[in-house]
Structure formats: structure tokens, C-alpha cells
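Student: Below is one structure. I have some questions about it.
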Amino acid sequence: MDYNKMIDNLNKRVPKPVEETYIDEDGLMRCTSCHGKRETIIEIFGQSRKVSCVCSCQQAAALAEDEAIEKRAKMRKIEEMRRTGFTDKKLMECTFENDDGSQPKVLHIAKNYVENFDKMKEGGKGLLLYGGVGTGKTYAAASIANALIDKGISAMVTNFARISNKLQERFEKKQAYLDNLNKFDLLVLDDLAAERSTEYMQEIVYNVIDARYRAGLPMIITTNLSLETIKNPPNPTDNRIYDRILEKCFPVEVKGASHRRKNIKAEFENMKGLLGLN
């Protein structure tokens with residue numbers, strides 16, 4: 001084996017100096033910044049060779065580069081999880097940081113849910129966010145999903161209308177699609193009871209919720225239904241659905257003025273101004 005050639009190849013792999021260098025009294029290169037050795041002497045089979053080595057500056061630079069690469073890889077993974085998890089891309093903007101502060105109690109609950117998600121997942125515990133139209137239920141649920149994704153925890157936000165469309169597109173792979181929903185650590189089902197009230201849709205709702213229930217996986221469900229209606233459903237099919245929801249999802253009322261109506265009013269006033277009607 002040609003050891004000299006092997007050492008020459010190793011020398012080529014040592015990072016190039018990132019700072020100025022000088023030669024010390026032993027004739028070895030050192031870093032002017034940290035004064036660490038850039039060269040050292042080794043002996044192999046009675047032969048002395050001068051070889052390159054790394055100083056603390058180079059070690060720090062290499063470490064920083066490794067951390068930057070790891071951070072970029074993590075960010076790419078998180079963004080991919082976000083693209084996969086949000087069927088409505090506008091909901092990607094729903095975050096705790098962007099919250100308008102109009103629902104402090106709900107925000108507090110949402111943050112605590114994220115903080116304690118390990119325990120929530122272990123028990124398959126979720127939330128039932130119920131209340132009037134436009135009060136911020138969807139925003140709160142999507143904010144939780146975004147916060148979990150930021151932690152590298154998978155979440156999907158969807159609704160039963162979209163699930164129905166997907167099942168029709170993939171009729172032959174219906175079970176595979178339903179099984180895929182259980183690959184997410186958290187499933188957010190938005191606007192329960194807004195879907196068409198048909199036997200087919202009720203069966204889809206039941207299948208999705210029952211699959212999460214049996215797997216012991218958490219759900220967050222938003223709905224405009226009252227808690228009284230959920231506790232006392234009008235028919236047996238809804239009863240078996242709502243029973244599972246109430247067993248696993250803690251009810252949280254989201255009340256207040258409709259954000260949607262406020263936005264409509266603001267847009268109306270803006271249009272009046274643009275049309276010269278003020």
C-alpha cells in the first residue's frame with residue numbers, strides 16, 4: 001500500500017483555510033485567528049510526514065455548515081408537510097402569530113393543546129369547536145395544525161365535501177384513501193354538518209370518524225351545530241357519529257361577532273369609496 005499517496009489524498013479532503021495563516025517556529029502552518037494548528041507531523045512506519053489538520057476556526061465553520069444544511073432540510077420537510085396537510089392553501093396563513101386577539105380564551109386553549117399534544121395523541125384526545133358562523137373556529141383549528149407542523153408533527157385540514165370528491169375520483173382505491181387519513185398525527189375536519197345530508201354522506205362521515213376513533217388518533221372538529229344538537233341528535237345515524245366525537249373531542253364554544261360579516265362590511269365600504277358613493 002502506498003501510504004504517502006493515501007496521506008496526500010487525505011490532505012486534499014481537509015477544508016481550505018478560512019483565515020490567514022502563519023508559519024510557527026516548528027515550520028508548521030497555524031491560524032492567525034485562533035492560533036490552532038493547520039499542519040502537524042505524523043510518523044508512519046518510521047517515516048515522518050507533514051499533514052494538514054483543522055483548527056478550531058475550521059471546525060466551527062464545518063459545524064455551522066452542517067447545521068445550516070440540517071436546518072434547510074428540516075424547513076423543506078416542514079413546507080412539504082404543510083402543502084400536503086392543507087387542502088385549502090389560504091389556511092396556511094392561519095397562525096397564532098397572525099391571530100387578531102378577538103378570541104383570547106380560544107387562543108389560550110389552542111396553544112395549550114399544541115403544548116400538550118404528546119399527551120393528547122397518546123389518549124386520542126381532540127377538540128370540538130362549535131359556535132356561530134364566522135366566529136373563528138376554522139382559524140383556531142388551522143392555527144393548531146400549523147403550529148404542530150412547525151414542530152414536525154403531521155396534520156391535515158380538510159372537510160367532508162373534499163373527502164367525498166376524493167373518494168369519487170378514486171373509487172377503486174377508496175379504502176386506501178381513507179387509510180391514508182390515519183397516517184396524519186392530527187386530522188382537522190372542518191364545518192361538520194355543512195355537507196349534504198344524504199345517506200351516502202352520512203356513511204362517509206361515520207367511516208372517517210370511526211376510523212380515527214378505533215385507531216385512537218386525535219381529531220379537531222369544527223361545526224355550526226349547537227352542543228345541544230350534538231348531544232341530542234335527531235336520528236340514529238348522527239347519534240353514532242356524535243357519540244364518538246363527544247367521547248374523544250373536548251367541546252369548546254367559540255362565540256362572538258362574525259369575522260366574515262366584518263370583512264364583508266369592510267369590503268362594502270371600500271367598494272363604495274372606489275365607486276364614489278361615499
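We name chains A, B, ... following the order of the C-alpha cells; residues begin at 1 in each chain, and ligands are numbered from 1 as shown.
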May I have a table of the residues of range 90-134 of chain A lying at most 6 Å from range 239-257 of chain A, giving each one's closest pair of atoms and their distance in Å to one decimal, counting only C-alpha atoms, ordered by chain and ascending residue number, as a tab-separated table?
Tutor:
```
residue	atom	partner	partner_atom	distance
A:Lys125	CA	A:Lys248	CA	5.1
A:Gly126	CA	A:Cys249	CA	4.3
A:Leu127	CA	A:Cys249	CA	4.3
A:Leu128	CA	A:Pro251	CA	4.5
A:Leu129	CA	A:Val252	CA	5.0
A:Tyr130	CA	A:Glu253	CA	5.1
A:Gly131	CA	A:Val254	CA	5.1
```
Student: Going by DSSP on the backbone, which residues of range 114-163 of chain A come out as strand (DSSP E or B)? List them as number ranges by chain.
Tutor: A: 126-130, 155-158
Student: Only C-alpha atoms, please: the residues just picked out, written as a PDB file, in the first residue's frame.
Tutor:
```
ATOM      1  CA  GLY A 126     -59.143  16.198  20.298  1.00  0.00           C
ATOM      2  CA  LEU A 127     -61.346  19.286  20.314  1.00  0.00           C
ATOM      3  CA  LEU A 128     -64.879  20.047  19.189  1.00  0.00           C
ATOM      4  CA  LEU A 129     -65.013  23.741  18.263  1.00  0.00           C
ATOM      5  CA  TYR A 130     -68.664  24.746  17.975  1.00  0.00           C
ATOM      6  CA  ALA A 155     -51.574  17.309  10.378  1.00  0.00           C
ATOM      7  CA  MET A 156     -54.267  17.564   7.728  1.00  0.00           C
ATOM      8  CA  VAL A 157     -57.057  20.136   7.495  1.00  0.00           C
ATOM      9  CA  THR A 158     -59.945  19.150   5.248  1.00  0.00           C
TER      10      THR A 158
END
```
Student: Contacts of Asp100 in chain A at 12 Å or less, counting only C-alpha atoms, minus same-chain residues fewer than 3 places along, as a PyMOL selection string?
Tutor: chain A and resi 94-97+103-104+106-107+135-136+139-140+259
Student: Go through A:Ile221, A:Ile209, A:Ala193, A:Val51 one by one, measure the shortest atom-to-atom distance of each to Leu28 in chain A using only C-alpha atoms, and give the residue with the smallest value.
Tutor: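 For Leu28 in chain A, the nearest of the given residues is A:Val51.
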Student: I need the residues in range 41-247 of chain A that are helix (DSSP H, G or I) according to DSSP; give them as a PyMOL selection string.
Tutor: chain A and resi 56-85+89-93+104-115+117-123+137-150+160-169+171-181+199-215+227-231+236-247
Student: Looking at only C-alpha atoms, which of A:Asp190, A:Asp150, A:Glu80, A:Asp26 is the one that sits closest to Lys137 in chain A?
Tutor: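 So, comparing all the options, the nearest one is A:Asp190.
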Student: Neighbouring residues of Met29 in chain A were defined as those with any atom within 12 Å, considering only C-alpha atoms; residues of the same chain fewer than 6 positions away were excluded. Please report them as a PDB file with N, CA and C atoms, in the first residue's frame.
Tutor:
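Wrote it out as around-v6.pdb, contents follow:
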```
ATOM      1  N   PRO A  17      -8.147  26.748   4.361  1.00  0.00           N
ATOM      2  CA  PRO A  17      -8.136  27.741   5.439  1.00  0.00           C
ATOM      3  C   PRO A  17      -9.185  28.821   5.228  1.00  0.00           C
ATOM      4  N   GLU A  19      -9.122  31.494   7.404  1.00  0.00           N
ATOM      5  CA  GLU A  19      -8.470  32.677   7.955  1.00  0.00           C
ATOM      6  C   GLU A  19      -7.030  32.722   7.444  1.00  0.00           C
ATOM      7  N   GLU A  20      -6.347  33.848   7.689  1.00  0.00           N
ATOM      8  CA  GLU A  20      -4.927  33.954   7.332  1.00  0.00           C
ATOM      9  C   GLU A  20      -4.114  32.972   8.167  1.00  0.00           C
ATOM     10  N   THR A  21      -2.968  32.569   7.634  1.00  0.00           N
ATOM     11  CA  THR A  21      -2.098  31.626   8.342  1.00  0.00           C
ATOM     12  C   THR A  21      -0.692  32.191   8.473  1.00  0.00           C
ATOM     13  N   TYR A  22       0.070  31.571   9.365  1.00  0.00           N
ATOM     14  CA  TYR A  22       1.494  31.901   9.503  1.00  0.00           C
ATOM     15  C   TYR A  22       2.251  30.621   9.834  1.00  0.00           C
ATOM     16  N   ILE A  23       3.545  30.660   9.702  1.00  0.00           N
ATOM     17  CA  ILE A  23       4.393  29.500   9.984  1.00  0.00           C
ATOM     18  C   ILE A  23       5.015  29.676  11.358  1.00  0.00           C
ATOM     19  N   HIS A  35      -4.873  30.597  16.331  1.00  0.00           N
ATOM     20  CA  HIS A  35      -3.511  30.080  16.548  1.00  0.00           C
ATOM     21  C   HIS A  35      -3.480  28.555  16.641  1.00  0.00           C
ATOM     22  N   GLY A  36      -4.536  27.929  16.195  1.00  0.00           N
ATOM     23  CA  GLY A  36      -4.547  26.472  16.151  1.00  0.00           C
ATOM     24  C   GLY A  36      -3.742  25.956  14.977  1.00  0.00           C
ATOM     25  N   LYS A  37      -3.315  24.704  15.064  1.00  0.00           N
ATOM     26  CA  LYS A  37      -2.504  24.106  14.005  1.00  0.00           C
ATOM     27  C   LYS A  37      -3.326  23.838  12.750  1.00  0.00           C
ATOM     28  N   ARG A  38      -2.694  24.161  11.607  1.00  0.00           N
ATOM     29  CA  ARG A  38      -3.250  23.766  10.321  1.00  0.00           C
ATOM     30  C   ARG A  38      -2.443  22.617   9.729  1.00  0.00           C
ATOM     31  N   GLU A  39      -1.292  22.373  10.339  1.00  0.00           N
ATOM     32  CA  GLU A  39      -0.431  21.263   9.933  1.00  0.00           C
ATOM     33  C   GLU A  39       0.130  20.593  11.183  1.00  0.00           C
ATOM     34  N   THR A  40       0.438  19.316  11.035  1.00  0.00           N
ATOM     35  CA  THR A  40       1.082  18.583  12.124  1.00  0.00           C
ATOM     36  C   THR A  40       1.978  17.515  11.522  1.00  0.00           C
ATOM     37  N   ILE A  41       2.815  16.896  12.367  1.00  0.00           N
ATOM     38  CA  ILE A  41       3.734  15.857  11.915  1.00  0.00           C
ATOM     39  C   ILE A  41       3.251  14.515  12.433  1.00  0.00           C
ATOM     40  N   LYS A  50       4.431  15.601   7.015  1.00  0.00           N
ATOM     41  CA  LYS A  50       3.665  16.773   7.399  1.00  0.00           C
ATOM     42  C   LYS A  50       2.277  16.649   6.762  1.00  0.00           C
ATOM     43  N   VAL A  51       1.245  16.720   7.590  1.00  0.00           N
ATOM     44  CA  VAL A  51      -0.122  16.567   7.068  1.00  0.00           C
ATOM     45  C   VAL A  51      -0.969  17.752   7.512  1.00  0.00           C
ATOM     46  N   SER A  52      -2.002  18.003   6.753  1.00  0.00           N
ATOM     47  CA  SER A  52      -2.928  19.085   7.099  1.00  0.00           C
ATOM     48  C   SER A  52      -3.866  18.630   8.220  1.00  0.00           C
ATOM     49  N   CYS A  53      -4.294  19.583   9.014  1.00  0.00           N
ATOM     50  CA  CYS A  53      -5.294  19.316  10.051  1.00  0.00           C
ATOM     51  C   CYS A  53      -6.176  20.549  10.178  1.00  0.00           C
ATOM     52  N   VAL A  54      -7.198  20.478  10.996  1.00  0.00           N
ATOM     53  CA  VAL A  54      -8.136  21.584  11.100  1.00  0.00           C
ATOM     54  C   VAL A  54      -7.977  22.300  12.432  1.00  0.00           C
ATOM     55  N   CYS A  55      -8.059  23.615  12.381  1.00  0.00           N
ATOM     56  CA  CYS A  55      -8.031  24.405  13.603  1.00  0.00           C
ATOM     57  C   CYS A  55      -9.466  24.595  14.097  1.00  0.00           C
TER      58      CYS A  55
END
```
Student: Select, from A:Gly152, A:Gly132, A:Pro234, A:Gly27, the residue with the minimum atom-to-atom distance to Lys74 in chain A, counting only C-alpha atoms.
Tutor: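 Result for the nearest residue to Lys74 in chain A: A:Gly152.
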Student: How many Å separate CA of Ala141 in chain A from CA of Lys183 in chain A?
Tutor: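 According to the coordinates, CA of Ala141 in chain A and CA of Lys183 in chain A are separated by 18.5 Å.
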Student: From the set A:Lys151, A:Lys173, A:Lys77, A:Arg49, which residue has the shortest atom-to-atom contact distance to Asp118 in chain A, counting only C-alpha atoms?
Tutor: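 Distance minimum relative to Asp118 in chain A lands on A:Lys151.
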Student: So how far away is CA of Val188 in chain A from CA of Leu91 in chain A, in Å?
Tutor: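 It comes out at 11.8 Å.
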Student: Go ahead and compute the interatomic distance for CA of Ile220 in chain A and CA of Leu189 in chain A, in Å to one decimal.
Tutor: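 So the answer is 6.2 Å.
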Student: From the options A:Gln58, A:Asn159, A:Gln202, A:Asn207, which residue's atoms come nearest to Leu178 in chain A, counting only C-alpha atoms?
Tutor: A:Asn207
